[in-house]
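Structure file query.csv (CSV, C-alpha atoms) follows.
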```csv
chain,number,residue,atom,x,y,z
A,1,MET,CA,-25.4,-16.6,-9.9
A,2,LYS,CA,-21.8,-15.4,-10.3
A,3,ARG,CA,-21.0,-11.8,-9.7
A,4,LEU,CA,-18.6,-10.9,-12.5
A,5,GLY,CA,-16.0,-8.2,-12.8
A,6,LEU,CA,-14.7,-7.6,-16.3
A,7,TYR,CA,-11.4,-5.9,-16.7
A,8,LEU,CA,-10.4,-5.5,-20.3
A,9,ASP,CA,-7.1,-4.3,-21.8
A,10,VAL,CA,-8.5,-3.0,-25.0
A,11,ASN,CA,-5.1,-2.4,-26.6
A,12,ASN,CA,-4.0,-5.9,-25.9
A,13,LEU,CA,-7.4,-7.3,-27.2
A,14,TYR,CA,-7.0,-5.1,-30.3
A,15,TYR,CA,-3.5,-6.3,-31.2
A,16,THR,CA,-4.0,-10.0,-30.4
A,17,THR,CA,-7.4,-10.2,-32.2
A,18,SER,CA,-5.9,-8.3,-35.2
A,19,ARG,CA,-3.0,-10.8,-35.3
A,20,LYS,CA,-5.3,-13.8,-35.1
A,21,PHE,CA,-8.0,-12.7,-37.5
A,22,GLY,CA,-6.4,-10.0,-39.7
A,23,ASP,CA,-6.3,-6.2,-39.5
A,24,ARG,CA,-9.8,-5.7,-40.8
A,25,ARG,CA,-11.5,-7.7,-38.2
A,26,LYS,CA,-12.5,-6.0,-34.9
A,27,LEU,CA,-13.8,-7.3,-31.6
A,28,SER,CA,-17.5,-6.6,-30.9
A,29,TYR,CA,-17.6,-5.5,-27.2
A,30,GLU,CA,-21.3,-6.0,-27.2
A,31,ARG,CA,-21.0,-9.7,-28.2
A,32,LEU,CA,-18.3,-10.1,-25.5
A,33,LEU,CA,-20.7,-8.6,-22.9
A,34,ASP,CA,-23.5,-10.8,-24.1
A,35,TYR,CA,-21.3,-13.9,-23.7
A,36,PHE,CA,-20.4,-13.1,-20.1
A,37,ARG,CA,-24.0,-12.1,-19.2
A,38,GLU,CA,-24.8,-15.8,-19.9
A,39,ILE,CA,-22.2,-16.8,-17.3
A,40,GLY,CA,-23.2,-14.4,-14.5
A,41,GLU,CA,-24.3,-10.9,-13.5
A,42,ILE,CA,-21.8,-8.3,-14.5
A,43,LYS,CA,-21.3,-6.1,-11.5
A,44,VAL,CA,-18.4,-4.0,-12.9
A,45,ALA,CA,-16.9,-3.7,-16.3
A,46,TYR,CA,-13.7,-1.7,-16.9
A,47,ALA,CA,-12.0,-1.0,-20.3
A,48,PHE,CA,-8.4,0.2,-20.0
A,49,GLY,CA,-6.7,1.8,-23.0
A,50,THR,CA,-4.6,4.6,-24.5
A,51,GLN,CA,-5.3,7.4,-26.9
A,52,ARG,CA,-3.6,10.2,-28.6
A,53,GLU,CA,-5.3,13.5,-27.8
A,54,THR,CA,-9.0,12.8,-28.3
A,55,GLU,CA,-8.9,10.3,-31.2
A,56,ALA,CA,-10.6,7.5,-29.2
A,57,SER,CA,-13.5,9.7,-28.0
A,58,THR,CA,-16.1,7.9,-30.1
A,59,PHE,CA,-14.8,4.5,-29.0
A,60,ILE,CA,-14.8,5.6,-25.3
A,61,TYR,CA,-18.3,7.0,-25.7
A,62,CYS,CA,-19.5,3.7,-27.1
A,63,LEU,CA,-17.9,1.7,-24.3
A,64,ARG,CA,-19.5,3.9,-21.7
A,65,LYS,CA,-22.9,3.5,-23.4
A,66,MET,CA,-22.5,-0.3,-23.3
A,67,GLY,CA,-21.9,-0.1,-19.5
A,68,PHE,CA,-18.1,0.0,-19.3
A,69,THR,CA,-16.2,2.3,-17.1
A,70,PRO,CA,-13.5,3.5,-19.5
A,71,ARG,CA,-10.1,4.2,-18.1
A,72,PHE,CA,-8.0,5.8,-20.9
A,73,ARG,CA,-4.7,7.7,-20.7
A,74,SER,CA,-2.7,9.5,-23.3
A,75,ILE,CA,0.3,7.6,-24.7
A,76,HIS,CA,2.5,10.3,-23.1
A,77,GLU,CA,1.1,9.6,-19.6
A,78,LEU,CA,1.7,5.9,-20.0
A,79,LYS,CA,5.3,6.5,-21.0
A,80,MET,CA,5.8,8.5,-17.8
A,81,HIS,CA,3.7,6.4,-15.4
A,82,GLY,CA,4.0,2.8,-16.7
A,83,LEU,CA,1.5,0.5,-18.2
A,84,TRP,CA,-2.2,0.0,-17.4
A,85,ASN,CA,-1.5,-3.3,-15.8
A,86,VAL,CA,-1.0,-1.6,-12.4
A,87,GLY,CA,-4.3,0.3,-12.8
A,88,LEU,CA,-6.2,-2.8,-13.8
A,89,THR,CA,-4.7,-4.7,-10.9
A,90,VAL,CA,-5.7,-2.0,-8.4
A,91,GLU,CA,-9.3,-2.0,-9.7
A,92,VAL,CA,-9.5,-5.8,-9.4
A,93,ILE,CA,-8.2,-5.8,-5.9
A,94,LYS,CA,-10.5,-3.0,-4.8
A,95,ASN,CA,-13.6,-4.8,-6.1
A,96,VAL,CA,-12.5,-8.2,-4.7
A,97,LEU,CA,-11.8,-6.7,-1.2
A,98,ALA,CA,-15.1,-4.9,-1.3
A,99,GLU,CA,-16.7,-8.2,-2.2
A,100,ASP,CA,-18.4,-6.6,-5.2
A,101,VAL,CA,-17.3,-9.5,-7.4
A,102,ASP,CA,-16.6,-13.2,-6.8
A,103,THR,CA,-15.4,-14.0,-10.4
A,104,VAL,CA,-12.8,-11.9,-12.2
A,105,VAL,CA,-12.6,-11.9,-16.0
A,106,ILE,CA,-9.3,-10.5,-17.3
A,107,GLY,CA,-9.5,-9.5,-21.0
A,108,SER,CA,-5.9,-9.7,-21.9
A,109,SER,CA,-3.2,-12.2,-23.0
A,110,ASP,CA,-0.5,-10.4,-21.1
A,111,ILE,CA,1.6,-12.8,-19.1
A,112,SER,CA,2.6,-9.9,-16.7
A,113,LEU,CA,-0.8,-10.3,-15.1
A,114,LEU,CA,0.1,-13.7,-13.7
A,115,PRO,CA,0.9,-12.4,-10.2
A,116,LEU,CA,-2.6,-10.9,-10.0
A,117,LEU,CA,-4.1,-14.2,-11.1
A,118,ASP,CA,-2.1,-16.1,-8.5
A,119,TRP,CA,-3.3,-13.6,-5.8
A,120,LEU,CA,-6.9,-14.1,-6.8
A,121,ILE,CA,-6.7,-17.9,-6.9
A,122,ALA,CA,-5.0,-18.0,-3.5
A,123,ARG,CA,-8.0,-16.1,-2.1
A,124,GLY,CA,-10.6,-18.4,-3.7
A,125,VAL,CA,-11.8,-15.9,-6.2
A,126,GLY,CA,-12.9,-17.3,-9.5
A,127,VAL,CA,-10.8,-16.2,-12.5
A,128,MET,CA,-11.2,-16.4,-16.2
A,129,ILE,CA,-9.0,-15.1,-19.0
A,130,CYS,CA,-10.5,-13.8,-22.3
A,131,GLY,CA,-8.2,-13.1,-25.2
A,132,SER,CA,-6.5,-14.2,-28.4
A,133,GLY,CA,-3.3,-16.1,-28.3
A,134,VAL,CA,-3.5,-16.7,-24.6
A,135,SER,CA,-0.2,-18.0,-23.4
A,136,ARG,CA,0.2,-21.5,-22.1
A,137,LYS,CA,1.2,-20.2,-18.7
A,138,LEU,CA,-2.0,-18.3,-18.4
A,139,GLN,CA,-4.0,-21.2,-19.7
A,140,ALA,CA,-2.4,-23.4,-17.0
A,141,VAL,CA,-3.6,-21.1,-14.2
A,142,ALA,CA,-7.2,-20.3,-15.1
A,143,PRO,CA,-10.0,-21.2,-17.5
A,144,TYR,CA,-9.8,-19.1,-20.6
A,145,VAL,CA,-12.0,-18.1,-23.5
A,146,GLU,CA,-10.1,-17.9,-26.8
A,147,ILE,CA,-11.9,-15.1,-28.7
A,148,PRO,CA,-13.8,-16.9,-31.5
A,149,ALA,CA,-14.9,-15.4,-34.8
A,150,SER,CA,-18.4,-15.0,-33.5
A,151,PHE,CA,-17.1,-12.3,-31.1
A,152,LEU,CA,-16.1,-10.1,-34.1
A,153,GLN,CA,-18.0,-7.3,-35.7
A,154,MET,CA,-19.6,-8.2,-38.9
A,155,SER,CA,-18.2,-6.4,-41.9
A,156,GLU,CA,-21.3,-4.3,-42.4
A,157,GLU,CA,-21.3,-3.1,-38.7
A,158,LYS,CA,-20.4,0.5,-38.1
A,159,ASP,CA,-16.7,0.6,-37.4
A,160,GLU,CA,-16.2,4.1,-35.9
A,161,GLU,CA,-15.2,3.0,-32.5
A,162,SER,CA,-12.8,0.3,-33.6
A,163,GLN,CA,-11.2,2.7,-36.0
A,164,SER,CA,-10.6,5.1,-33.1
A,165,ILE,CA,-8.8,2.4,-31.2
A,166,GLU,CA,-6.8,1.5,-34.2
A,167,GLU,CA,-5.6,5.0,-34.7
A,168,THR,CA,-4.5,5.3,-31.1
A,169,SER,CA,-2.7,2.0,-31.1
A,170,SER,CA,-0.5,2.7,-34.1
```
Since I need it in another form, could you write the structure as structure tokens?
Amino acid sequence: MKRLGLYLDVNNLYYTTSRKFGDRRKLSYERLLDYFREIGEIKVAYAFGTQRETEASTFIYCLRKMGFTPRFRSIHELKMHGLWNVGLTVEVIKNVLAEDVDTVVIGSSDISLLPLLDWLIARGVGVMICGSGVSRKLQAVAPYVEIPASFLQMSEEKDEESQSIEETSS
């Protein structure tokens, strides 16, 4: 059984999913987890994002309750220290070198993660991309899961956590 590491850029997933399905449709992180549990055993799951003050608190709490290790910074910190791509890359490399995972799932459509994917593939680590609007360059490097409508929250589902991420992303 594959030992999976999930590394999700929640801001990227929010924007790309909103662009694909419309502003009112939100990604269900529980459905996403269920999908990857069918593929292998999830050893680590990180969710990287930004927030203004404490506006994403409910969303972060929900992620933690689902089993994610949330890594959130304020928007001001990110402007001073750069994007989360470096933090995501460091966590991936630490887990791969510690042999905690043998397959890495990157939840982002961000082409700037291509050097990380190249590094993983050169070491024989399995790689998957999960996102909306995944670029052709990423598609050419690794198998990808284009987020389907079945990964979205139903309209009647409680929307607190996704509203929190929407507020922090604007």
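Between atom CA of Ile60 of chain A and atom CA of Asn12 of chain A the separation is 15.8 Å.
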### Query
Using only C-alpha atoms, which of A:Leu138, A:Leu33, A:Val127, A:Leu114 sits nearest Asn85 of chain A?
A:Leu114
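Here atom CA of Arg64 of chain A and atom CA of Tyr15 of chain A stand 21.2 Å from one another.
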### Task
Kindly indicate which residue among A:Ala47, A:Leu27, A:Val104, A:Val141 lies nearest to Arg73 of chain A, using all atoms listed in the file for the distances.
A:Ala47
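All residues of protein, DNA or RNA that reach within 12 Å of Val86 of chain A, judged by only C-alpha atoms and not counting those fewer than 6 positions away in the chain, are Asp9, Phe48, Leu78, Val92, Ile93, Ser112, Leu113, Pro115 and Leu116 of chain A.
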## Note on the structure
A straight line from atom CA of Lys43 of chain A to atom CA of Arg136 of chain A spans 28.5 Å
### Message
For a quick check of understanding, using all atoms listed in the file, which of A:Glu99, A:Asp23, A:Asp110, A:Asp118 has the smallest distance to Val44 of chain A?
### Response
A:Glu99
### Message
List as a ChimeraX atom specification the residues having at least one atom at most 6 Å from position (-7.6, -5.6, -16.5) as given in the file, counting only C-alpha atoms.
### Response
/A:7-9,88,106
### Query
Near Arg3 of chain A, counting only C-alpha atoms, which residues have an atom at most 8 Å away, once you skip same-chain residues fewer than 5 positions from it, shown as a PyMOL selection string?
chain A and resi 40-43+100-103
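Every residue within 12 Å of the file position (-23.0, -0.9, -19.2), judged by all atoms listed in the file, is given as Gly5, Leu6, Tyr29, Glu30, Leu33, Asp34, Arg37, Glu41, Ile42, Lys43, Val44, Ala45, Tyr46, Ala47, Tyr61, Cys62, Leu63, Arg64, Lys65, Met66, Gly67, Phe68, Thr69 and Pro70 of chain A.
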### Task
Could you tell me which of A:Trp84, A:Ala142, A:Ser132, A:Ser28 comes closest to Ser108 of chain A if we count only C-alpha atoms?
A:Ser132
Write out, as CSV, each residue of segment 3-113 of chain A that has an atom at most 10 Å from segment 145-156 of chain A, together with the closest pair of atoms and their distance in Å to one decimal, counting all atoms listed in the file, rows going by chain and rising number.
```
residue,atom,partner,partner_atom,distance
A:Leu13,CA,A:Ile147,CA,9.1
A:Thr16,CA,A:Ile147,CA,9.6
A:Thr17,CA,A:Ile147,CA,7.5
A:Lys20,CA,A:Ile147,CA,9.3
A:Phe21,CA,A:Ala149,CA,7.9
A:Arg24,CA,A:Ser155,CA,8.5
A:Arg25,CA,A:Leu152,CA,6.6
A:Lys26,CA,A:Leu152,CA,5.5
A:Leu27,CA,A:Leu152,CA,4.4
A:Ser28,CA,A:Gln153,CA,4.9
A:Tyr29,CA,A:Phe151,CA,7.9
A:Glu30,CA,A:Phe151,CA,8.5
A:Arg31,CA,A:Phe151,CA,5.5
A:Leu32,CA,A:Phe151,CA,6.1
A:Leu33,CA,A:Phe151,CA,9.7
A:Asp34,CA,A:Phe151,CA,9.6
A:Tyr35,CA,A:Phe151,CA,8.7
A:Val105,CA,A:Val145,CA,9.7
A:Gly107,CA,A:Val145,CA,9.3
A:Ser109,CA,A:Glu146,CA,9.7
```
